[in-house]
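Here the structure comes first, spelled out in C-alpha coordinates, and everything after it is commentary.
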Amino acid sequence: MKKEKLSLSERTILRELIYPETFANIETETGYTFGTIRDDLMKLINHGYVEVFDQDLETSVSPFYDSDNIDKFCFKATKNGLTSIQRHAV
(Lines give C-alpha, C1' and ligand atoms only; values in the text may rest on other atoms or scores of the structure.)
Protein backbone atom coordinates (compact mmCIF):
# COMPACT_ATOMS: atom_id res chain seq x y z
CA MET A 1 0.00 0.00 0.00
CA LYS A 2 1.64 3.23 -1.14
CA LYS A 3 0.85 6.59 0.37
CA GLU A 4 1.70 9.55 -1.81
CA LYS A 5 1.30 12.62 0.40
CA LEU A 6 2.59 12.87 3.97
CA SER A 7 1.42 15.58 6.32
CA LEU A 8 3.93 17.86 8.03
CA SER A 9 3.46 16.04 11.34
CA GLU A 10 3.94 12.63 9.68
CA ARG A 11 7.19 13.80 8.05
CA THR A 12 8.39 15.27 11.34
CA ILE A 13 7.69 12.02 13.19
CA LEU A 14 9.40 9.94 10.49
CA ARG A 15 12.51 12.12 10.74
CA GLU A 16 12.66 11.28 14.45
CA LEU A 17 12.55 7.56 13.68
CA ILE A 18 15.80 7.12 11.80
CA TYR A 19 16.87 5.30 14.97
CA PRO A 20 14.44 3.48 17.30
CA GLU A 21 12.58 5.87 19.60
CA THR A 22 10.08 5.53 22.42
CA PHE A 23 6.72 7.23 22.28
CA ALA A 24 7.83 9.58 25.08
CA ASN A 25 10.91 10.64 23.10
CA ILE A 26 8.77 11.35 20.06
CA GLU A 27 6.50 13.55 22.21
CA THR A 28 9.48 15.43 23.63
CA GLU A 29 11.29 15.90 20.33
CA THR A 30 8.30 16.91 18.21
CA GLY A 31 6.18 18.79 20.73
CA TYR A 32 3.03 17.19 19.27
CA THR A 33 0.17 16.04 21.44
CA PHE A 34 -0.40 12.40 22.37
CA GLY A 35 -3.39 12.17 20.02
CA THR A 36 -1.57 13.62 17.03
CA ILE A 37 1.38 11.28 17.48
CA ARG A 38 -0.88 8.26 18.02
CA ASP A 39 -2.94 8.98 14.90
CA ASP A 40 0.09 9.69 12.73
CA LEU A 41 1.99 6.63 13.96
CA MET A 42 -0.99 4.39 13.26
CA LYS A 43 -1.25 5.78 9.71
CA LEU A 44 2.49 5.37 9.14
CA ILE A 45 2.45 1.82 10.54
CA ASN A 46 -0.52 0.86 8.37
CA HIS A 47 1.29 2.14 5.27
CA GLY A 48 4.48 0.23 6.13
CA TYR A 49 6.55 3.32 6.90
CA VAL A 50 7.15 2.50 10.58
CA GLU A 51 7.96 -0.74 12.37
CA VAL A 52 6.85 -1.36 15.97
CA PHE A 53 9.12 -2.96 18.58
CA ASP A 54 8.63 -4.03 22.16
CA GLN A 55 10.33 -1.82 24.74
CA ASP A 56 13.55 -3.85 24.87
CA LEU A 57 13.97 -3.33 21.08
CA GLU A 58 14.66 -7.03 20.60
CA THR A 59 11.39 -8.11 19.05
CA SER A 60 9.43 -6.55 16.23
CA VAL A 61 5.74 -6.75 17.04
CA SER A 62 4.55 -5.21 13.76
CA PRO A 63 1.74 -5.40 12.81
CA PHE A 64 0.46 -7.01 16.02
CA TYR A 65 0.70 -4.25 18.60
CA ASP A 66 -1.85 -2.94 21.08
CA SER A 67 -2.98 0.38 19.59
CA ASP A 68 -4.76 1.25 22.84
CA ASN A 69 -1.37 1.22 24.57
CA ILE A 70 0.73 2.54 21.72
CA ASP A 71 2.82 4.58 24.16
CA LYS A 72 4.31 1.33 25.53
CA PHE A 73 6.21 0.54 22.31
CA CYS A 74 9.24 1.77 20.38
CA PHE A 75 9.21 2.77 16.73
CA LYS A 76 11.65 2.88 13.83
CA ALA A 77 11.21 4.03 10.25
CA THR A 78 11.32 1.31 7.62
CA LYS A 79 13.20 1.57 4.33
CA ASN A 80 9.97 2.76 2.68
CA GLY A 81 9.52 5.36 5.41
CA LEU A 82 13.04 6.69 5.00
CA THR A 83 12.61 6.79 1.22
CA SER A 84 9.41 8.81 1.61
CA ILE A 85 11.10 11.50 3.69
CA GLN A 86 13.98 11.70 1.22
CA ARG A 87 11.46 12.52 -1.50
CA HIS A 88 10.09 15.34 0.68
CA ALA A 89 13.50 16.72 1.73
CA VAL A 90 13.91 20.44 1.35
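Just remember, in the C-alpha coordinates the first chain shown is A, the second B, etc., residues are 1-based per chain, and ligands are 1-based in the order shown.
Excluding segment 80-86 of chain A and any residue on its chain fewer than 5 positions from it, the residues at most 7 Å away by only C-alpha atoms are A:Arg11, A:Leu14, A:Gly48, A:Tyr49, A:Val50.
Residue-level DSSP output for segment 14-83 of chain A, from the backbone, shows strand (DSSP E) at Glu21, Thr22, Val50, Glu51, Val52, Phe53, Cys74, Phe75, Lys76 and Ala77 of chain A.
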Selected residues written out, N, CA and C atoms, as a PDB file, in the first residue's frame:
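Output below, filename result-v8.pdb:
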ATOM      1  N   GLU A  21      12.951   4.874  18.593  1.00  0.00           N
ATOM      2  CA  GLU A  21      12.576   5.866  19.601  1.00  0.00           C
ATOM      3  C   GLU A  21      11.340   5.402  20.364  1.00  0.00           C
ATOM      4  N   THR A  22      11.278   5.789  21.621  1.00  0.00           N
ATOM      5  CA  THR A  22      10.084   5.525  22.415  1.00  0.00           C
ATOM      6  C   THR A  22       9.031   6.578  22.096  1.00  0.00           C
ATOM      7  N   VAL A  50       6.602   2.600   9.230  1.00  0.00           N
ATOM      8  CA  VAL A  50       7.146   2.500  10.583  1.00  0.00           C
ATOM      9  C   VAL A  50       6.969   1.071  11.078  1.00  0.00           C
ATOM     10  N   GLU A  51       8.002   0.578  11.747  1.00  0.00           N
ATOM     11  CA  GLU A  51       7.961  -0.741  12.370  1.00  0.00           C
ATOM     12  C   GLU A  51       7.845  -0.555  13.883  1.00  0.00           C
ATOM     13  N   VAL A  52       7.093  -1.436  14.529  1.00  0.00           N
ATOM     14  CA  VAL A  52       6.847  -1.358  15.966  1.00  0.00           C
ATOM     15  C   VAL A  52       7.669  -2.438  16.674  1.00  0.00           C
ATOM     16  N   PHE A  53       8.314  -2.044  17.770  1.00  0.00           N
ATOM     17  CA  PHE A  53       9.119  -2.959  18.580  1.00  0.00           C
ATOM     18  C   PHE A  53       8.623  -2.944  20.015  1.00  0.00           C
ATOM     19  N   CYS A  74       8.220   0.970  21.047  1.00  0.00           N
ATOM     20  CA  CYS A  74       9.239   1.771  20.379  1.00  0.00           C
ATOM     21  C   CYS A  74       8.994   1.684  18.878  1.00  0.00           C
ATOM     22  N   PHE A  75       9.510   2.658  18.154  1.00  0.00           N
ATOM     23  CA  PHE A  75       9.213   2.774  16.732  1.00  0.00           C
ATOM     24  C   PHE A  75      10.472   3.111  15.946  1.00  0.00           C
ATOM     25  N   LYS A  76      10.527   2.593  14.723  1.00  0.00           N
ATOM     26  CA  LYS A  76      11.653   2.880  13.835  1.00  0.00           C
ATOM     27  C   LYS A  76      11.122   2.940  12.408  1.00  0.00           C
ATOM     28  N   ALA A  77      11.617   3.896  11.647  1.00  0.00           N
ATOM     29  CA  ALA A  77      11.213   4.031  10.248  1.00  0.00           C
ATOM     30  C   ALA A  77      11.729   2.843   9.447  1.00  0.00           C
TER      31      ALA A  77
END
Pick out the residues sitting within 10 Å of Phe73 of chain A, and hand them over as a list of chain:residue names; count only C-alpha atoms, and ignore anything fewer than 2 positions along from it in its own chain.
A:Glu21, A:Thr22, A:Phe23, A:Ala24, A:Val52, A:Phe53, A:Asp54, A:Gln55, A:Asp56, A:Leu57, A:Ser60, A:Val61, A:Tyr65, A:Asp66, A:Ser67, A:Asn69, A:Ile70, A:Asp71, A:Phe75
